[in-house]
Amino acid sequence: MRVLGIDPGSRVTGYGIVDKAERNLQCIFYQEIKPAKSAGLSSSLLTVYSGITEAIHQFHPEIMAIEDIFYGKNVQSLIKQGHVRGVAVLAAAQAGLKIYEYSPLEIKKAVSGYGFADKMQVRVMVKNILKLVELPPSDAADALAAAICHINFLKAGQV
């Protein structure tokens, strides 16, 4: 099984591809999509959509696990994040992927055992779980964590 994890962000969107084969997890690829700071909303959304679509075509995941919106942010950030989530879900739906959403709390708990883990704890745990050589960038680590979270839910039979 191959899972595409997405961490949608208004400035940086992380994605990562994780394979599950028997009892092993393997990181296939991860990256952060960073539209130009001067880019308008429509241009930024097109950059994110194109990046995710390209990843889907290159790596052929079967499933997308995406982080749900965190409600504690300011309204403008929530709206922009909602737009980014929308283009990510659209790209996955157009490619026929099954789409699952997880809260930040569920994702953090799945990789660290603690739903309120900080960014560095998540990065370190993702590195350890996937046996990576170096720490992935923060938003890519969150995306990989979303993929790991989905795989963990499958192990528990909850999805």
# chains A, B, ... in the order shown; residues from 1 in each chain; ligands from 1
call {"tool": "residues_around", "arguments": {"residues": "Asp142 of chain A", "least_positions_apart": "5", "cutoff": "9 Å", "atoms": "only C-alpha atoms", "output": "ChimeraX atom specification"}}
result
/A:5-7,14-16,67,104,107-108,119,122-123,126,137,147
call {"tool": "residues_around", "arguments": {"residues": "Ile79 of chain A", "least_positions_apart": "6", "cutoff": "12 Å", "atoms": "only C-alpha atoms", "output": "list in words"}}
result
Pro8, Gly9, Ser10, Leu41, Ile69, Phe70, Tyr71, Lys73, Arg85 and Gly86 of chain A
call {"tool": "select_by_dssp", "arguments": {"residues": "chain A", "states": "alpha helix (DSSP H)", "output": "VMD selection string"}}
result
chain A and resid 41 to 59 75 to 94 104 to 112 119 to 129 138 to 156
call {"tool": "atom_distance", "arguments": {"atom1": "atom CA of Ile66 of chain A", "atom2": "atom CA of Gln31 of chain A"}}
result
14.8 Å
call {"tool": "residues_around", "arguments": {"residues": "Val48 of chain A", "least_positions_apart": "3", "cutoff": "8 Å", "atoms": "only C-alpha atoms", "output": "list in words"}}
result
Thr13, Ile33, Lys34, Pro35, Ser44, Leu45, Gly51, Ile52, Val84, Val87 and Ala88 of chain A
call {"tool": "write_last_selection", "arguments": {"atoms": "C-alpha atoms", "output": "short mmCIF file (atom, residue, chain, number, x, y, z; two decimals), in the first residue's frame"}}
result
data_model
loop_
_atom_site.label_atom_id
_atom_site.label_comp_id
_atom_site.auth_asym_id
_atom_site.auth_seq_id
_atom_site.Cartn_x
_atom_site.Cartn_y
_atom_site.Cartn_z
CA THR A 13 2.37 22.61 1.88
CA ILE A 33 5.68 23.10 -1.96
CA LYS A 34 6.48 26.77 -1.45
CA PRO A 35 4.70 29.22 -3.75
CA SER A 44 -0.33 29.83 -5.08
CA LEU A 45 -3.22 27.38 -5.33
CA GLY A 51 2.91 19.89 -7.23
CA ILE A 52 0.48 17.38 -5.75
CA VAL A 84 -5.16 24.70 -0.11
CA VAL A 87 -6.99 21.86 -4.28
CA ALA A 88 -5.18 18.94 -2.61
#
